[in-house]
>>> print(open('protein-v6.csv').read())   # CSV, N, CA and C atoms
chain,number,residue,atom,x,y,z
A,670,MET,N,-26.7,32.7,19.3
A,670,MET,CA,-28.1,32.6,19.0
A,670,MET,C,-28.6,33.8,18.2
A,671,LYS,N,-28.2,35.0,18.6
A,671,LYS,CA,-28.6,36.2,17.9
A,671,LYS,C,-28.1,36.3,16.5
A,672,LEU,N,-26.8,35.8,16.3
A,672,LEU,CA,-26.3,35.7,15.0
A,672,LEU,C,-27.1,34.8,14.0
A,673,ARG,N,-27.5,33.7,14.5
A,673,ARG,CA,-28.4,32.8,13.7
A,673,ARG,C,-29.7,33.5,13.3
A,674,PHE,N,-30.2,34.2,14.3
A,674,PHE,CA,-31.5,34.9,14.0
A,674,PHE,C,-31.3,36.0,12.9
A,675,VAL,N,-30.2,36.7,13.0
A,675,VAL,CA,-29.9,37.8,12.1
A,675,VAL,C,-29.7,37.2,10.7
A,676,ILE,N,-28.9,36.1,10.6
A,676,ILE,CA,-28.7,35.5,9.3
A,676,ILE,C,-30.0,34.9,8.8
A,677,PHE,N,-30.8,34.4,9.6
A,677,PHE,CA,-32.1,33.8,9.2
A,677,PHE,C,-33.0,34.9,8.6
A,678,LEU,N,-32.9,36.1,9.1
A,678,LEU,CA,-33.7,37.2,8.5
A,678,LEU,C,-33.1,37.8,7.3
A,679,ILE,N,-31.8,37.9,7.3
A,679,ILE,CA,-31.1,38.6,6.2
A,679,ILE,C,-31.0,37.7,4.9
A,680,ALA,N,-30.8,36.4,5.1
A,680,ALA,CA,-30.6,35.5,3.9
A,680,ALA,C,-31.7,35.6,2.9
A,681,PRO,N,-33.0,35.5,3.4
A,681,PRO,CA,-34.1,35.6,2.4
A,681,PRO,C,-34.1,37.0,1.7
A,682,LEU,N,-33.8,38.1,2.4
A,682,LEU,CA,-33.8,39.4,1.8
A,682,LEU,C,-32.7,39.4,0.7
A,683,CYS,N,-31.5,38.9,0.9
A,683,CYS,CA,-30.4,38.9,-0.1
A,683,CYS,C,-30.8,38.1,-1.2
A,684,ALA,N,-31.4,36.9,-1.0
A,684,ALA,CA,-31.8,36.0,-2.1
A,684,ALA,C,-32.8,36.7,-3.0
A,685,GLY,N,-33.7,37.6,-2.4
A,685,GLY,CA,-34.6,38.3,-3.2
A,685,GLY,C,-34.0,39.4,-4.1
A,686,LEU,N,-32.8,39.8,-3.8
A,686,LEU,CA,-32.2,40.9,-4.6
A,686,LEU,C,-31.5,40.3,-5.9
A,687,TRP,N,-31.2,39.0,-5.9
A,687,TRP,CA,-30.6,38.4,-7.0
A,687,TRP,C,-31.6,37.9,-8.0
A,688,PRO,N,-31.4,37.9,-9.3
A,688,PRO,CA,-32.3,37.4,-10.2
A,688,PRO,C,-32.5,35.9,-9.9
A,689,SER,N,-33.7,35.4,-10.0
A,689,SER,CA,-33.9,34.0,-9.8
A,689,SER,C,-33.2,33.1,-10.9
A,690,ASN,N,-33.0,31.9,-10.5
A,690,ASN,CA,-32.4,30.9,-11.5
A,690,ASN,C,-33.4,30.8,-12.7
A,691,GLN,N,-34.7,30.9,-12.5
A,691,GLN,CA,-35.6,30.7,-13.6
A,691,GLN,C,-35.5,31.9,-14.6
A,692,VAL,N,-35.3,33.1,-14.1
A,692,VAL,CA,-35.1,34.2,-15.0
A,692,VAL,C,-33.9,34.1,-15.8
A,693,MET,N,-32.8,33.7,-15.1
A,693,MET,CA,-31.5,33.5,-15.8
A,693,MET,C,-31.6,32.4,-16.9
A,694,ALA,N,-32.3,31.3,-16.5
A,694,ALA,CA,-32.4,30.2,-17.5
A,694,ALA,C,-33.2,30.7,-18.7
A,695,LYS,N,-34.2,31.5,-18.6
A,695,LYS,CA,-35.0,32.0,-19.7
A,695,LYS,C,-34.1,32.8,-20.6
A,696,GLU,N,-33.3,33.7,-20.0
A,696,GLU,CA,-32.4,34.6,-20.8
A,696,GLU,C,-31.4,33.7,-21.6
A,697,ARG,N,-30.9,32.6,-20.9
A,697,ARG,CA,-29.9,31.8,-21.6
A,697,ARG,C,-30.6,31.1,-22.8
A,698,LYS,N,-31.8,30.6,-22.6
A,698,LYS,CA,-32.5,29.9,-23.7
A,698,LYS,C,-32.7,30.8,-24.9
A,699,LYS,N,-32.9,32.0,-24.7
A,699,LYS,CA,-33.1,33.0,-25.8
A,699,LYS,C,-31.9,33.1,-26.7
A,700,SER,N,-30.7,33.1,-26.0
A,700,SER,CA,-29.5,33.3,-26.7
A,700,SER,C,-28.9,32.0,-27.3
A,701,GLU,N,-29.4,30.8,-26.9
A,701,GLU,CA,-28.8,29.5,-27.4
A,701,GLU,C,-29.6,29.1,-28.6
A,702,PRO,N,-28.9,28.4,-29.5
A,702,PRO,CA,-29.7,27.9,-30.7
A,702,PRO,C,-30.7,26.9,-30.2
A,703,ALA,N,-31.7,26.6,-31.1
A,703,ALA,CA,-32.8,25.7,-30.8
A,703,ALA,C,-32.4,24.3,-30.5
A,704,THR,N,-31.3,23.8,-31.2
A,704,THR,CA,-30.9,22.5,-31.0
A,704,THR,C,-29.6,22.4,-30.2
A,705,ALA,N,-29.7,22.4,-28.9
A,705,ALA,CA,-28.6,22.4,-28.0
A,705,ALA,C,-28.1,20.9,-27.9
A,706,ILE,N,-26.8,20.7,-27.9
A,706,ILE,CA,-26.2,19.3,-27.8
A,706,ILE,C,-25.9,19.0,-26.4
A,707,GLU,N,-26.4,17.9,-25.9
A,707,GLU,CA,-26.1,17.5,-24.6
A,707,GLU,C,-24.7,17.1,-24.4
A,708,PRO,N,-24.0,17.4,-23.3
A,708,PRO,CA,-22.6,17.1,-23.1
A,708,PRO,C,-22.5,15.6,-22.9
A,709,LYS,N,-21.3,15.0,-23.4
A,709,LYS,CA,-21.1,13.6,-23.2
A,709,LYS,C,-20.1,13.4,-22.1
A,710,PHE,N,-20.3,12.3,-21.4
A,710,PHE,CA,-19.5,12.0,-20.2
A,710,PHE,C,-18.9,10.6,-20.4
A,711,THR,N,-17.6,10.5,-20.0
A,711,THR,CA,-17.0,9.2,-20.1
A,711,THR,C,-16.9,8.7,-18.6
A,712,VAL,N,-17.4,7.5,-18.4
A,712,VAL,CA,-17.4,6.9,-17.1
A,712,VAL,C,-16.5,5.7,-17.0
A,713,LEU,N,-15.6,5.7,-16.1
A,713,LEU,CA,-14.7,4.6,-15.9
A,713,LEU,C,-15.0,3.8,-14.7
A,714,SER,N,-14.8,2.5,-14.8
A,714,SER,CA,-15.1,1.6,-13.6
A,714,SER,C,-14.0,1.8,-12.6
A,715,PRO,N,-14.4,2.0,-11.3
A,715,PRO,CA,-13.3,2.1,-10.3
A,715,PRO,C,-12.7,0.7,-10.0
A,716,LEU,N,-13.3,-0.3,-10.4
A,716,LEU,CA,-12.7,-1.7,-10.1
A,716,LEU,C,-11.4,-1.9,-10.9
A,717,GLY,N,-11.4,-1.4,-12.1
A,717,GLY,CA,-10.2,-1.6,-12.9
A,717,GLY,C,-10.0,-3.1,-13.3
A,718,THR,N,-8.9,-3.4,-14.0
A,718,THR,CA,-8.6,-4.7,-14.4
A,718,THR,C,-7.2,-5.1,-13.9
A,719,PRO,N,-7.2,-6.0,-12.9
A,719,PRO,CA,-5.9,-6.3,-12.3
A,719,PRO,C,-5.0,-7.1,-13.3
A,720,PRO,N,-3.7,-7.0,-13.2
A,720,PRO,CA,-2.9,-7.8,-14.2
A,720,PRO,C,-3.0,-9.3,-13.9
A,721,ALA,N,-2.7,-10.1,-14.9
A,721,ALA,CA,-2.7,-11.5,-14.7
A,721,ALA,C,-1.6,-11.9,-13.7
A,722,ILE,N,-1.9,-12.9,-12.9
A,722,ILE,CA,-1.0,-13.4,-11.9
A,722,ILE,C,-0.2,-14.6,-12.5
A,723,LYS,N,1.1,-14.4,-12.5
A,723,LYS,CA,2.0,-15.4,-13.0
A,723,LYS,C,2.5,-16.3,-11.8
A,724,MET,N,2.1,-17.6,-11.9
A,724,MET,CA,2.4,-18.5,-10.9
A,724,MET,C,3.9,-19.0,-11.0
A,725,LEU,N,4.6,-19.0,-9.9
A,725,LEU,CA,6.0,-19.5,-9.9
A,725,LEU,C,6.1,-20.7,-9.1
A,726,ALA,N,7.0,-21.6,-9.5
A,726,ALA,CA,7.2,-22.8,-8.7
A,726,ALA,C,8.0,-22.5,-7.4
A,727,MET,N,7.7,-23.3,-6.4
A,727,MET,CA,8.5,-23.0,-5.1
A,727,MET,C,9.9,-23.5,-5.4
A,728,ALA,N,10.8,-22.9,-4.6
A,728,ALA,CA,12.3,-23.3,-4.7
A,728,ALA,C,12.4,-24.7,-4.2
A,729,PRO,N,13.4,-25.5,-4.7
A,729,PRO,CA,13.6,-26.8,-4.2
A,729,PRO,C,14.0,-26.8,-2.8
A,730,ARG,N,13.5,-27.7,-2.0
A,730,ARG,CA,13.8,-27.8,-0.5
A,730,ARG,C,15.0,-28.8,-0.3
A,731,PRO,N,15.9,-28.5,0.5
A,731,PRO,CA,17.0,-29.4,0.8
A,731,PRO,C,16.4,-30.6,1.7
A,732,ASN,N,17.0,-31.7,1.6
A,732,ASN,CA,16.6,-32.9,2.4
A,732,ASN,C,17.0,-32.7,3.9
A,733,THR,N,18.1,-32.1,4.1
A,733,THR,CA,18.6,-31.8,5.4
A,733,THR,C,19.2,-30.5,5.5
A,734,LEU,N,19.3,-29.9,6.7
A,734,LEU,CA,20.0,-28.7,6.9
A,734,LEU,C,21.4,-28.8,7.5
A,735,ASP,N,21.8,-30.1,7.7
A,735,ASP,CA,23.2,-30.4,8.2
A,735,ASP,C,24.2,-29.8,7.2
A,736,ASP,N,25.2,-29.1,7.7
A,736,ASP,CA,26.3,-28.5,6.9
A,736,ASP,C,25.8,-27.5,5.9
A,737,ARG,N,24.6,-26.9,6.2
A,737,ARG,CA,24.1,-25.9,5.3
A,737,ARG,C,24.1,-24.5,6.0
A,738,THR,N,24.0,-23.5,5.2
A,738,THR,CA,24.0,-22.1,5.8
A,738,THR,C,22.6,-21.6,5.7
A,739,VAL,N,22.0,-21.2,6.8
A,739,VAL,CA,20.7,-20.6,6.9
A,739,VAL,C,20.8,-19.2,7.3
A,740,TYR,N,20.3,-18.3,6.5
A,740,TYR,CA,20.3,-16.9,6.8
A,740,TYR,C,19.0,-16.5,7.6
A,741,ILE,N,19.1,-15.8,8.7
A,741,ILE,CA,17.9,-15.3,9.4
A,741,ILE,C,18.0,-13.8,9.2
A,742,VAL,N,16.9,-13.3,8.4
A,742,VAL,CA,16.9,-11.9,8.0
A,742,VAL,C,15.8,-11.1,8.8
A,743,ASP,N,16.2,-10.1,9.4
A,743,ASP,CA,15.3,-9.2,10.1
A,743,ASP,C,15.0,-8.0,9.3
A,744,ASP,N,13.7,-7.6,9.1
A,744,ASP,CA,13.4,-6.5,8.3
A,744,ASP,C,13.2,-5.2,9.1
A,745,GLY,N,13.5,-5.3,10.4
A,745,GLY,CA,13.5,-4.1,11.2
A,745,GLY,C,12.3,-3.8,12.0
A,746,PHE,N,11.3,-4.7,11.9
A,746,PHE,CA,10.0,-4.6,12.6
A,746,PHE,C,10.4,-4.6,14.1
A,747,VAL,N,9.7,-3.7,14.9
A,747,VAL,CA,10.0,-3.5,16.3
A,747,VAL,C,9.8,-4.9,17.0
A,748,GLY,N,10.8,-5.3,17.7
A,748,GLY,CA,10.8,-6.6,18.5
A,748,GLY,C,11.1,-7.8,17.7
A,749,GLY,N,11.1,-7.7,16.4
A,749,GLY,CA,11.4,-8.9,15.5
A,749,GLY,C,12.8,-9.4,15.8
A,750,ASP,N,13.7,-8.6,16.1
A,750,ASP,CA,15.1,-9.0,16.3
A,750,ASP,C,15.2,-10.0,17.5
A,751,VAL,N,14.4,-9.7,18.5
A,751,VAL,CA,14.4,-10.6,19.7
A,751,VAL,C,14.0,-12.0,19.3
A,752,LEU,N,12.9,-12.1,18.6
A,752,LEU,CA,12.4,-13.4,18.1
A,752,LEU,C,13.4,-14.1,17.2
A,753,LEU,N,13.9,-13.4,16.3
A,753,LEU,CA,14.8,-14.0,15.3
A,753,LEU,C,16.1,-14.4,15.9
A,754,LYS,N,16.6,-13.7,16.8
A,754,LYS,CA,17.9,-14.1,17.5
A,754,LYS,C,17.6,-15.3,18.4
A,755,GLU,N,16.4,-15.4,19.0
A,755,GLU,CA,16.1,-16.6,19.7
A,755,GLU,C,16.0,-17.8,18.8
A,756,MET,N,15.5,-17.6,17.6
A,756,MET,CA,15.4,-18.7,16.6
A,756,MET,C,16.9,-19.2,16.3
A,757,GLY,N,17.8,-18.2,16.1
A,757,GLY,CA,19.2,-18.6,15.8
A,757,GLY,C,19.8,-19.3,17.0
A,758,ALA,N,19.5,-18.9,18.2
A,758,ALA,CA,20.0,-19.6,19.4
A,758,ALA,C,19.4,-21.0,19.5
A,759,TRP,N,18.1,-21.2,19.1
A,759,TRP,CA,17.5,-22.5,19.1
A,759,TRP,C,18.3,-23.4,18.1
A,760,PHE,N,18.6,-22.9,16.9
A,760,PHE,CA,19.3,-23.7,15.9
A,760,PHE,C,20.7,-24.1,16.5
A,761,ASN,N,21.4,-23.2,17.1
A,761,ASN,CA,22.7,-23.5,17.7
A,761,ASN,C,22.6,-24.5,18.8
A,762,ARG,N,21.6,-24.6,19.6
A,762,ARG,CA,21.4,-25.6,20.6
A,762,ARG,C,21.0,-26.9,20.1
A,763,ASN,N,20.0,-26.9,19.2
A,763,ASN,CA,19.4,-28.2,18.8
A,763,ASN,C,19.9,-28.7,17.4
A,764,MET,N,20.5,-27.9,16.6
A,764,MET,CA,21.0,-28.3,15.3
A,764,MET,C,22.4,-27.7,15.1
A,765,PRO,N,23.4,-28.2,15.9
A,765,PRO,CA,24.7,-27.5,15.8
A,765,PRO,C,25.4,-27.6,14.5
A,766,ASN,N,25.0,-28.5,13.6
A,766,ASN,CA,25.6,-28.7,12.3
A,766,ASN,C,25.1,-27.7,11.3
A,767,VAL,N,24.2,-26.9,11.7
A,767,VAL,CA,23.6,-25.8,10.8
A,767,VAL,C,24.3,-24.5,11.1
A,768,ASN,N,24.9,-23.9,10.0
A,768,ASN,CA,25.5,-22.6,10.1
A,768,ASN,C,24.5,-21.5,10.0
A,769,ILE,N,24.3,-20.7,11.1
A,769,ILE,CA,23.3,-19.7,11.2
A,769,ILE,C,23.9,-18.3,11.0
A,770,VAL,N,23.4,-17.5,10.1
A,770,VAL,CA,23.9,-16.2,9.8
A,770,VAL,C,22.7,-15.2,10.0
A,771,TYR,N,22.9,-14.3,11.0
A,771,TYR,CA,21.8,-13.3,11.3
A,771,TYR,C,22.2,-12.0,10.6
A,772,ARG,N,21.2,-11.4,9.8
A,772,ARG,CA,21.5,-10.2,9.1
A,772,ARG,C,20.2,-9.3,9.3
A,773,ARG,N,20.5,-8.0,9.4
A,773,ARG,CA,19.4,-7.0,9.4
A,773,ARG,C,19.4,-6.4,8.0
A,774,LYS,N,18.2,-6.4,7.4
A,774,LYS,CA,18.0,-5.9,6.1
A,774,LYS,C,18.0,-4.4,6.1
A,775,ALA,N,18.7,-3.7,5.1
A,775,ALA,CA,18.7,-2.3,5.1
A,775,ALA,C,17.3,-1.7,4.8
A,776,GLY,N,16.9,-0.7,5.4
A,776,GLY,CA,15.6,-0.1,5.1
A,776,GLY,C,14.5,-0.8,5.8
A,777,GLY,N,13.3,-0.5,5.5
A,777,GLY,CA,12.1,-1.1,6.1
A,777,GLY,C,11.6,-2.3,5.2
A,778,PHE,N,10.5,-2.8,5.5
A,778,PHE,CA,9.9,-3.9,4.9
A,778,PHE,C,9.9,-3.8,3.3
A,779,PRO,N,9.4,-2.7,2.8
A,779,PRO,CA,9.3,-2.6,1.3
A,779,PRO,C,10.6,-2.3,0.6
A,780,ASP,N,11.6,-1.9,1.3
A,780,ASP,CA,12.8,-1.5,0.7
A,780,ASP,C,13.7,-2.7,0.2
A,781,GLU,N,14.4,-2.5,-0.9
A,781,GLU,CA,15.3,-3.5,-1.4
A,781,GLU,C,16.6,-3.5,-0.7
A,782,ASP,N,17.3,-4.6,-0.7
A,782,ASP,CA,18.7,-4.6,-0.1
A,782,ASP,C,19.5,-5.5,-1.1
A,783,PRO,N,19.9,-5.0,-2.3
A,783,PRO,CA,20.6,-5.8,-3.3
A,783,PRO,C,21.8,-6.5,-2.8
A,784,ALA,N,22.6,-5.8,-1.9
A,784,ALA,CA,23.8,-6.4,-1.4
A,784,ALA,C,23.5,-7.6,-0.6
A,785,LEU,N,22.5,-7.6,0.3
A,785,LEU,CA,22.2,-8.7,1.1
A,785,LEU,C,21.6,-9.8,0.3
A,786,TRP,N,20.8,-9.5,-0.7
A,786,TRP,CA,20.2,-10.6,-1.6
A,786,TRP,C,21.4,-11.3,-2.3
A,787,ALA,N,22.4,-10.5,-2.8
A,787,ALA,CA,23.5,-11.1,-3.5
A,787,ALA,C,24.3,-12.0,-2.6
A,788,GLU,N,24.5,-11.6,-1.3
A,788,GLU,CA,25.2,-12.4,-0.4
A,788,GLU,C,24.5,-13.7,-0.1
A,789,ILE,N,23.2,-13.6,0.1
A,789,ILE,CA,22.4,-14.8,0.4
A,789,ILE,C,22.5,-15.8,-0.8
A,790,LYS,N,22.3,-15.3,-2.0
A,790,LYS,CA,22.4,-16.1,-3.2
A,790,LYS,C,23.8,-16.8,-3.3
A,791,ALA,N,24.8,-16.1,-3.0
A,791,ALA,CA,26.2,-16.7,-3.1
A,791,ALA,C,26.5,-17.6,-2.0
A,792,LYS,N,26.1,-17.4,-0.8
A,792,LYS,CA,26.6,-18.1,0.3
A,792,LYS,C,25.5,-18.9,1.1
A,793,GLY,N,24.2,-18.6,0.9
A,793,GLY,CA,23.2,-19.2,1.7
A,793,GLY,C,22.5,-20.4,1.0
A,794,ASP,N,22.0,-21.3,1.8
A,794,ASP,CA,21.2,-22.4,1.3
A,794,ASP,C,19.7,-22.3,1.6
A,795,ALA,N,19.4,-21.5,2.6
A,795,ALA,CA,18.0,-21.3,3.0
A,795,ALA,C,17.9,-19.9,3.7
A,796,VAL,N,16.7,-19.4,3.8
A,796,VAL,CA,16.4,-18.1,4.4
A,796,VAL,C,15.2,-18.2,5.3
A,797,ILE,N,15.3,-17.6,6.5
A,797,ILE,CA,14.2,-17.4,7.3
A,797,ILE,C,14.0,-15.9,7.4
A,798,MET,N,12.9,-15.4,6.8
A,798,MET,CA,12.7,-13.9,6.7
A,798,MET,C,11.7,-13.5,7.8
A,799,GLY,N,12.1,-12.6,8.7
A,799,GLY,CA,11.1,-12.1,9.7
A,799,GLY,C,10.4,-10.9,9.1
A,800,VAL,N,9.1,-11.0,9.0
A,800,VAL,CA,8.3,-9.9,8.4
A,800,VAL,C,7.3,-9.5,9.4
A,801,GLY,N,7.3,-8.2,9.8
A,801,GLY,CA,6.4,-7.7,10.8
A,801,GLY,C,5.0,-7.5,10.2
A,802,HIS,N,4.0,-7.2,11.0
A,802,HIS,CA,2.7,-7.1,10.5
A,802,HIS,C,2.3,-5.6,10.2
>>> encode(input="protein-v6.csv", output="structure tokens")
Amino acid sequence: MKLRFVIFLIAPLCAGLWPSNQVMAKERKKSEPATAIEPKFTVLSPLGTPPAIKMLAMAPRPNTLDDRTVYIVDDGFVGGDVLLKEMGAWFNRNMPNVNIVYRRKAGGFPDEDPALWAEIKAKGDAVIMGVGH
């Protein structure tokens, strides 16, 4: 409390020791030419322009999953493996003619796994991708 009181008293005294802004502005005007040019500003919109969206057709769907290979891919989200392994067990119980392959993708959700993608393209017919939130 005492410190605030001291600052409250000292601040106006210090402000009085410095030349006021008006005095400095008058001195500046005397040294500037009579026709001062205003500065120009460039303003950009923060919204930007998003790139055009290219629509892609969906992949063709197989009529049946019998004798097909379905990859179940886990992206590493906590607890996702439990759900996806249960899905694989469901396929084994209810659709025994479907070959289920469970794989864990390298890295996290945004990371690429070229080796896994190449394996799925070469050997897989469908993919169930588990994506966490």
>>> residues_around(input="protein-v6.csv", residues="segment 767-780 of chain A", least_positions_apart="5", cutoff="9 Å", atoms="only C-alpha atoms", output="PyMOL selection string")
chain A and resi 734-746+750+753-754+757-758+760-761+785+793+800-801
>>> atom_distance(input="protein-v6.csv", atom1="atom CA of Met764 of chain A", atom2="atom CA of Thr733 of chain A")
10.8 Å
>>> atom_distance(input="protein-v6.csv", atom1="atom CA of Asn766 of chain A", atom2="atom CA of Leu752 of chain A")
21.0 Å
>>> atom_distance(input="protein-v6.csv", atom1="atom N of Pro765 of chain A", atom2="atom N of Ala784 of chain A")
28.6 Å
>>> select_by_dssp(input="protein-v6.csv", residues="segment 709-764 of chain A", states="strand (DSSP E or B)", output="MDAnalysis selection string")
chainID A and resid 738:743
>>> closest_residue(input="protein-v6.csv", among="A:Ala705, A:Pro731, A:Arg762, A:Pro783", to="Ala795 of chain A", atoms="only N, CA and C atoms")
A:Pro731
>>> select_by_dssp(input="protein-v6.csv", residues="segment 732-801 of chain A", states="helix (DSSP H, G or I)", output="mmCIF file with N, CA and C atoms, in the frame of the given file")
data_model
loop_
_atom_site.group_PDB
_atom_site.id
_atom_site.type_symbol
_atom_site.label_atom_id
_atom_site.label_comp_id
_atom_site.auth_asym_id
_atom_site.auth_seq_id
_atom_site.Cartn_x
_atom_site.Cartn_y
_atom_site.Cartn_z
ATOM 1 N N GLY A 749 11.100 -7.700 16.400
ATOM 2 C CA GLY A 749 11.400 -8.900 15.500
ATOM 3 C C GLY A 749 12.800 -9.400 15.800
ATOM 4 N N ASP A 750 13.700 -8.600 16.100
ATOM 5 C CA ASP A 750 15.100 -9.000 16.300
ATOM 6 C C ASP A 750 15.200 -10.000 17.500
ATOM 7 N N VAL A 751 14.400 -9.700 18.500
ATOM 8 C CA VAL A 751 14.400 -10.600 19.700
ATOM 9 C C VAL A 751 14.000 -12.000 19.300
ATOM 10 N N LEU A 752 12.900 -12.100 18.600
ATOM 11 C CA LEU A 752 12.400 -13.400 18.100
ATOM 12 C C LEU A 752 13.400 -14.100 17.200
ATOM 13 N N LEU A 753 13.900 -13.400 16.300
ATOM 14 C CA LEU A 753 14.800 -14.000 15.300
ATOM 15 C C LEU A 753 16.100 -14.400 15.900
ATOM 16 N N LYS A 754 16.600 -13.700 16.800
ATOM 17 C CA LYS A 754 17.900 -14.100 17.500
ATOM 18 C C LYS A 754 17.600 -15.300 18.400
ATOM 19 N N GLU A 755 16.400 -15.400 19.000
ATOM 20 C CA GLU A 755 16.100 -16.600 19.700
ATOM 21 C C GLU A 755 16.000 -17.800 18.800
ATOM 22 N N MET A 756 15.500 -17.600 17.600
ATOM 23 C CA MET A 756 15.400 -18.700 16.600
ATOM 24 C C MET A 756 16.900 -19.200 16.300
ATOM 25 N N GLY A 757 17.800 -18.200 16.100
ATOM 26 C CA GLY A 757 19.200 -18.600 15.800
ATOM 27 C C GLY A 757 19.800 -19.300 17.000
ATOM 28 N N ALA A 758 19.500 -18.900 18.200
ATOM 29 C CA ALA A 758 20.000 -19.600 19.400
ATOM 30 C C ALA A 758 19.400 -21.000 19.500
ATOM 31 N N TRP A 759 18.100 -21.200 19.100
ATOM 32 C CA TRP A 759 17.500 -22.500 19.100
ATOM 33 C C TRP A 759 18.300 -23.400 18.100
ATOM 34 N N PHE A 760 18.600 -22.900 16.900
ATOM 35 C CA PHE A 760 19.300 -23.700 15.900
ATOM 36 C C PHE A 760 20.700 -24.100 16.500
ATOM 37 N N ASN A 761 21.400 -23.200 17.100
ATOM 38 C CA ASN A 761 22.700 -23.500 17.700
ATOM 39 C C ASN A 761 22.600 -24.500 18.800
ATOM 40 N N ARG A 762 21.600 -24.600 19.600
ATOM 41 C CA ARG A 762 21.400 -25.600 20.600
ATOM 42 C C ARG A 762 21.000 -26.900 20.100
ATOM 43 N N ASN A 763 20.000 -26.900 19.200
ATOM 44 C CA ASN A 763 19.400 -28.200 18.800
ATOM 45 C C ASN A 763 19.900 -28.700 17.400
ATOM 46 N N PRO A 783 19.900 -5.000 -2.300
ATOM 47 C CA PRO A 783 20.600 -5.800 -3.300
ATOM 48 C C PRO A 783 21.800 -6.500 -2.800
ATOM 49 N N ALA A 784 22.600 -5.800 -1.900
ATOM 50 C CA ALA A 784 23.800 -6.400 -1.400
ATOM 51 C C ALA A 784 23.500 -7.600 -0.600
ATOM 52 N N LEU A 785 22.500 -7.600 0.300
ATOM 53 C CA LEU A 785 22.200 -8.700 1.100
ATOM 54 C C LEU A 785 21.600 -9.800 0.300
ATOM 55 N N TRP A 786 20.800 -9.500 -0.700
ATOM 56 C CA TRP A 786 20.200 -10.600 -1.600
ATOM 57 C C TRP A 786 21.400 -11.300 -2.300
ATOM 58 N N ALA A 787 22.400 -10.500 -2.800
ATOM 59 C CA ALA A 787 23.500 -11.100 -3.500
ATOM 60 C C ALA A 787 24.300 -12.000 -2.600
ATOM 61 N N GLU A 788 24.500 -11.600 -1.300
ATOM 62 C CA GLU A 788 25.200 -12.400 -0.400
ATOM 63 C C GLU A 788 24.500 -13.700 -0.100
ATOM 64 N N ILE A 789 23.200 -13.600 0.100
ATOM 65 C CA ILE A 789 22.400 -14.800 0.400
ATOM 66 C C ILE A 789 22.500 -15.800 -0.800
ATOM 67 N N LYS A 790 22.300 -15.300 -2.000
ATOM 68 C CA LYS A 790 22.400 -16.100 -3.200
ATOM 69 C C LYS A 790 23.800 -16.800 -3.300
ATOM 70 N N ALA A 791 24.800 -16.100 -3.000
ATOM 71 C CA ALA A 791 26.200 -16.700 -3.100
ATOM 72 C C ALA A 791 26.500 -17.600 -2.000
ATOM 73 N N LYS A 792 26.100 -17.400 -0.800
ATOM 74 C CA LYS A 792 26.600 -18.100 0.300
ATOM 75 C C LYS A 792 25.500 -18.900 1.100
#
